[in-house]
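Have a look at the structure below before the remarks.
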Amino acid sequence: MIERYRTVRGPGNLEIVIKKSRFIGHIMPVTTEEEAVAFIDEIKKKHWNATHNCSAYMIGERDEIQKQSDDGEPSGTAGKPILEVIKNQKLKNVAIVVTRYFGGIMLGAGGLIRAYTDGAVAAIEAGEAITNVLHREVFVELDYTWLGKVENELRSREVRTGETGFTDKVTLTCLPPDSETEAFIAWITDLTQGQSRITEGQRLYFIEGE
């Protein structure tokens with residue numbers, strides 16, 4: 001799992017008009033090629049009467065899956081520009097469809113490239129680009145006498161936390177960045193003078209700054 005990557009918060013769409021042609025940029029976060037294809041098919045079904053539904057998607061930690069479609073536009077004028085926008089904005093795990101309703105004015109190859117580029121940018125704006133950061137669950141079990149001190153220190157350091165469990169002891173769920181797990185555990189051990197029981201859980205992505 002990669003430490004951090006840019007994607008979009010959720011689905012979205014935004015329409016722009018270029019020389020009387022309507023271009024609607026649609027975007028969806030996806031994790032598999034099947035999800036990307038299903039999203040593209042859904043947009044094509046919804047906009048069945050559009051002149052074109054051009055698309056591109058890029059999926060995988062190393063961008064292993066990259067596909068594009070001009071959907072009837074001149075080769076290289078639609079799908080490729082959409083894919084280039086995804087690459088240039090360093091996004092992962094997204095699918096974009098730019099729907100075109102022809103307005104009667106020919107745009108030419110250069111005009112089409114610019115229009116589909118703008119349509120992809122509009123889609124990303126609608127989906128809201130975010131950065132996901134990999135975190136690690138760290139469970140800290142300790143006596144209640146430590147609770148106030150540890151919670152204060154966690155707040156002071158702005159450590160992300162999850163649920164707290166209360167039994168005969170208290171268990172704090174801490175969520176430091178995965179790359180800082182070892183240092184975090186050493187800090188907690190020192191803070192509690194070795195009187196805490198620490199275990200690691202799963203890795204999870206959280207949106208940076210939230």
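So you can find residues: chains in the structure tokens are A, B, ... in the order shown, residues in each start at 1, and ligands are numbered from 1 in order.
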
| Which neighbours of stretch 108-119 of chain A fall inside 6 Å, counting only C-alpha atoms, when residues of the same chain fewer than 2 positions from it are skipped, and could you give them as a VMD selection string? | chain A and resid 25 77 to 78 81 to 82 98 106 121 to 122

| Residues within 10 Å of stretch 42-56 of chain A, only C-alpha atoms, excluding chain neighbours under 2 positions, as a PyMOL selection string | chain A and resi 21-27+36-40+58+66-73+77-86+94-103+116+120

| Top pick for closest residue to A:Glu208, considering A:Cys174, A:Ile188, A:Val133, A:Val140 and counting only C-alpha atoms |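 With only C-alpha atoms as the atom set, the closest residue is A:Val133.
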
| message | So the first atom is atom CA of A:Gly127 and the second is atom CA of A:Ile105; what is the distance between them in Å, to one decimal place? | response | 28.9 Å

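Taking atom CA of A:Thr131 and atom CA of A:Ile207 as the two end points, the separation is 5.7 Å.
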
| task | Could you find all residues in stretch 20-173 of chain A that DSSP calls helix (DSSP H, G or I) from the backbone, and write them as a VMD selection string? | result | chain A and resid 33 to 46 79 to 88 108 to 127 144 to 156
